[in-house]
Amino acid sequence: MLYGIAAASAALLLTAVLAALLRLPALRAGVVDRRRGRPLPLLGGLAVVTVTSLVAWTGEWTRVAPLGDGVGGLLLAAVVVGLLGLVADVWRLRGRVIAAGTAVAAACVVPYDETGVAGGALAVAGIVVVSLAFRGLDHADGLAGTVGVVTAFGSGVCAAIEVMDGLAVLLSVLAAALTGFLMHNWYPARVGLGACGSLFTGFLLSSGVVFTRAGYAIGPSAAVLFCLGAVALADAALVVLVRLLGRRPLLRRGPDHLVHRLRRFGLTQPGAVVVLGMCAFAAVLAGVLVHAGWAGEDPVLWVAGGAAVLVLVLLRAPVRIPVQRPRRMASTQVSERLRVRNG
């Protein structure tokens with residue numbers, strides 16, 4: 001317990017400091033994104049990957065908090081995926097290359113002896129989908145970090161229920177590192193997560209859930225994974241539907257995400273992030289309840305129904321676009337009187 005608190009505190013502080021230090025090198029190297037017409041450095045994800053790995057491996061090397069069987073390999077695969085994302089941040093890799101690399105990493109960590117071949121294949125597909133969907137959350141200030149913190153805590157609770165202490169500590173360290181990153185990423189952001197941090201986070205969370213649910217039935221396990229990734233999956237579903245209906249390329253960037261649609265309904269960007277963070281908390285809580293056996297399948301149905309309603313409402317509802325009123329012009333008669341009076 002004491003090591004967990006110390007590790008989380010160290011991860012929070014180190015990530016906050018390292019993200020601030022990496023901001024200037026990212027600007028100079030051109031590893032940036034464009035938001036609100038200005039460059040946003042994207043090496044915040046590298047800070048999350050570095051600190052999470054450093055703190056977790058410190059516990060493993062000192063044997064104070066061993067990661068446990070398979071968890072070290074899971075962390076190593078997540079780091080490889082994060083480095084693949086870093087390459088994408090620098091050189092803009094194609095989406096199919098990122099998906100293929102993530103699938104290979106997932107295939108190397110799935111415990112096939114407990115999931116079976118069919119279950120393992122589905123687990124690989126689930127890890128890839130959630131990882132890519134989580135990458136899509138890094139389009140708005142504070143969103144990926146907020147959803148990541150909530151999901152990491154929920155996944156850690158699931159691991160603790162299964163007495164997988166090493167995995168629980170790893171996920172708590174990830175949550176703390178993302179919290180430190182949020183100090184620089186909350187609106188208006190000074191540093192971004194990038195593909196490096198978002199892929200690393202999505203991969204570690206989804207593969208952690210797969211490890212936790214290994215040995216359980218495929219259906220309930222898929223339901224728990226869906227609940228923990230509900231916001232990211234809903235965002236991806238909305239983007240796909242909007243672009244298919246608009247006959248636009250799926251991989252071309254545009255204001256089609258949940259935050260963009262919520263903002264058009266009058267919410268500020270921080271307000272939209274808070275709303276989606278609350279949705280993530282509700283979905284993660286449902287996943288934890290289902291995993292612990294404290295609830296049946298009803299919470300999953302509520303989460304799925306809520307996600308579907310949210311996507312359909314934001315897809316079909318009329319968008320209120322504020323109209324800027326023109327300035328009131330002074331009456332020509334009043335202007336003429338003032339001109340005559342002033343001579």
# chains A, B, ... in the order shown; residues from 1 in each chain; ligands from 1
>>> residues_around(residues="A:Glu60", least_positions_apart="2", cutoff="12 Å", atoms="only C-alpha atoms", output="list of chain:residue names")
A:Tyr3, A:Ala7, A:Ser53, A:Leu54, A:Val55, A:Ala56, A:Trp57, A:Thr58, A:Thr62, A:Arg63, A:Val64, A:Ala65, A:Pro66, A:Leu67, A:Gly68, A:Asp69, A:Val71, A:Gly72, A:Leu75, A:Asp165, A:Gly166, A:Leu167, A:Val169, A:Leu170
>>> write_last_selection(atoms="N, CA and C atoms", output="mmCIF file, in the first residue's frame")
data_model
loop_
_atom_site.group_PDB
_atom_site.id
_atom_site.type_symbol
_atom_site.label_atom_id
_atom_site.label_comp_id
_atom_site.auth_asym_id
_atom_site.auth_seq_id
_atom_site.Cartn_x
_atom_site.Cartn_y
_atom_site.Cartn_z
ATOM 1 N N TYR A 3 4.000 1.517 -0.915
ATOM 2 C CA TYR A 3 4.727 1.653 -2.173
ATOM 3 C C TYR A 3 3.801 2.149 -3.280
ATOM 4 N N ALA A 7 4.660 5.306 -5.390
ATOM 5 C CA ALA A 7 4.851 5.162 -6.831
ATOM 6 C C ALA A 7 3.922 6.097 -7.603
ATOM 7 N N SER A 53 6.833 3.444 -17.352
ATOM 8 C CA SER A 53 7.752 2.310 -17.466
ATOM 9 C C SER A 53 8.829 2.365 -16.383
ATOM 10 N N LEU A 54 9.375 3.557 -16.157
ATOM 11 C CA LEU A 54 10.447 3.699 -15.177
ATOM 12 C C LEU A 54 9.982 3.322 -13.776
ATOM 13 N N VAL A 55 8.836 3.843 -13.365
ATOM 14 C CA VAL A 55 8.329 3.568 -12.019
ATOM 15 C C VAL A 55 7.949 2.094 -11.877
ATOM 16 N N ALA A 56 7.290 1.531 -12.897
ATOM 17 C CA ALA A 56 6.872 0.125 -12.818
ATOM 18 C C ALA A 56 8.071 -0.817 -12.774
ATOM 19 N N TRP A 57 9.083 -0.558 -13.610
ATOM 20 C CA TRP A 57 10.248 -1.437 -13.613
ATOM 21 C C TRP A 57 11.102 -1.256 -12.366
ATOM 22 N N THR A 58 11.049 -0.081 -11.760
ATOM 23 C CA THR A 58 11.749 0.107 -10.489
ATOM 24 C C THR A 58 11.180 -0.822 -9.417
ATOM 25 N N THR A 62 13.504 -3.863 -7.808
ATOM 26 C CA THR A 62 13.754 -3.869 -6.365
ATOM 27 C C THR A 62 12.965 -4.955 -5.653
ATOM 28 N N ARG A 63 12.044 -5.618 -6.378
ATOM 29 C CA ARG A 63 11.177 -6.661 -5.826
ATOM 30 C C ARG A 63 10.249 -6.126 -4.749
ATOM 31 N N VAL A 64 10.096 -4.809 -4.691
ATOM 32 C CA VAL A 64 9.140 -4.221 -3.747
ATOM 33 C C VAL A 64 7.721 -4.452 -4.242
ATOM 34 N N ALA A 65 7.531 -4.329 -5.561
ATOM 35 C CA ALA A 65 6.208 -4.554 -6.166
ATOM 36 C C ALA A 65 6.405 -5.297 -7.476
ATOM 37 N N PRO A 66 6.630 -6.619 -7.448
ATOM 38 C CA PRO A 66 6.824 -7.393 -8.679
ATOM 39 C C PRO A 66 5.600 -7.294 -9.580
ATOM 40 N N LEU A 67 5.853 -7.228 -10.869
ATOM 41 C CA LEU A 67 4.746 -7.083 -11.822
ATOM 42 C C LEU A 67 3.939 -8.374 -11.954
ATOM 43 N N GLY A 68 4.568 -9.510 -11.771
ATOM 44 C CA GLY A 68 3.835 -10.765 -11.894
ATOM 45 C C GLY A 68 4.022 -11.384 -13.266
ATOM 46 N N ASP A 69 3.535 -12.610 -13.406
ATOM 47 C CA ASP A 69 3.704 -13.368 -14.638
ATOM 48 C C ASP A 69 3.001 -12.679 -15.807
ATOM 49 N N VAL A 71 2.957 -9.734 -16.910
ATOM 50 C CA VAL A 71 2.693 -8.294 -16.874
ATOM 51 C C VAL A 71 3.895 -7.509 -17.391
ATOM 52 N N GLY A 72 5.109 -8.012 -17.109
ATOM 53 C CA GLY A 72 6.291 -7.351 -17.642
ATOM 54 C C GLY A 72 6.302 -7.371 -19.165
ATOM 55 N N LEU A 75 3.803 -4.827 -20.436
ATOM 56 C CA LEU A 75 4.330 -3.465 -20.387
ATOM 57 C C LEU A 75 5.323 -3.232 -21.519
ATOM 58 N N ASP A 165 -1.840 -8.037 -8.039
ATOM 59 C CA ASP A 165 -1.322 -6.813 -7.430
ATOM 60 C C ASP A 165 -0.361 -6.061 -8.345
ATOM 61 N N GLY A 166 0.495 -6.786 -9.073
ATOM 62 C CA GLY A 166 1.442 -6.123 -9.964
ATOM 63 C C GLY A 166 0.738 -5.329 -11.054
ATOM 64 N N LEU A 167 -0.274 -5.917 -11.662
ATOM 65 C CA LEU A 167 -1.032 -5.229 -12.702
ATOM 66 C C LEU A 167 -1.810 -4.051 -12.122
ATOM 67 N N VAL A 169 -0.939 -2.211 -9.543
ATOM 68 C CA VAL A 169 0.017 -1.126 -9.304
ATOM 69 C C VAL A 169 0.393 -0.452 -10.609
ATOM 70 N N LEU A 170 0.617 -1.235 -11.657
ATOM 71 C CA LEU A 170 0.975 -0.676 -12.961
ATOM 72 C C LEU A 170 -0.117 0.265 -13.465
#
>>> residues_around(residues="A:Leu171", least_positions_apart="3", cutoff="12 Å", atoms="only C-alpha atoms", output="MDAnalysis selection string")
chainID A and resid 4 7:8 11 52:53 55:56 67 71 74:75 148:160 164:168 174:178 201:209 212
>>> closest_residue(among="A:Thr115, A:Ala272, A:Phe134, A:Asn185", to="A:Tyr216", atoms="only C-alpha atoms")
A:Thr115
>>> closest_residue(among="A:Arg92, A:Arg263, A:His184, A:His257", to="A:Ala236", atoms="only C-alpha atoms")
A:His257
>>> select_by_dssp(residues="stretch 73-295 of chain A", states="alpha helix (DSSP H)", output="ChimeraX atom specification")
/A:73-91,95-109,112-136,143-161,165-185,194-213,218-228,230-245,258-264,269-292
>>> closest_residue(among="A:Arg247, A:Arg253, A:Arg38, A:Arg135", to="A:Leu199", atoms="only C-alpha atoms")
A:Arg135
>>> closest_residue(among="A:Ala189, A:Val288, A:Val90, A:Val97", to="A:Val32", atoms="only C-alpha atoms")
A:Val90
>>> residues_around(residues="A:Ala77", least_positions_apart="6", cutoff="8 Å", atoms="only C-alpha atoms", output="number ranges by chain")
A: 105-106, 108-109
>>> closest_residue(among="A:Trp61, A:Trp91, A:Phe200, A:Phe181", to="A:Ala19", atoms="only C-alpha atoms")
A:Phe181
>>> residues_around(residues="A:Ala286", least_positions_apart="6", cutoff="7 Å", atoms="only C-alpha atoms", output="list of chain:residue names")
A:Cys227, A:Pro299, A:Val300
>>> write_last_selection(atoms="N, CA and C atoms", output="PDB file, in the first residue's frame")
ATOM      1  N   CYS A 227     -17.448  -1.798 -21.769  1.00  0.00           N
ATOM      2  CA  CYS A 227     -17.781  -0.774 -20.780  1.00  0.00           C
ATOM      3  C   CYS A 227     -16.580   0.116 -20.471  1.00  0.00           C
ATOM      4  N   PRO A 299     -26.281  -3.604 -16.346  1.00  0.00           N
ATOM      5  CA  PRO A 299     -25.451  -2.400 -16.530  1.00  0.00           C
ATOM      6  C   PRO A 299     -24.819  -2.305 -17.915  1.00  0.00           C
ATOM      7  N   VAL A 300     -24.443  -3.441 -18.496  1.00  0.00           N
ATOM      8  CA  VAL A 300     -23.856  -3.412 -19.834  1.00  0.00           C
ATOM      9  C   VAL A 300     -24.880  -2.944 -20.854  1.00  0.00           C
TER      10      VAL A 300
END
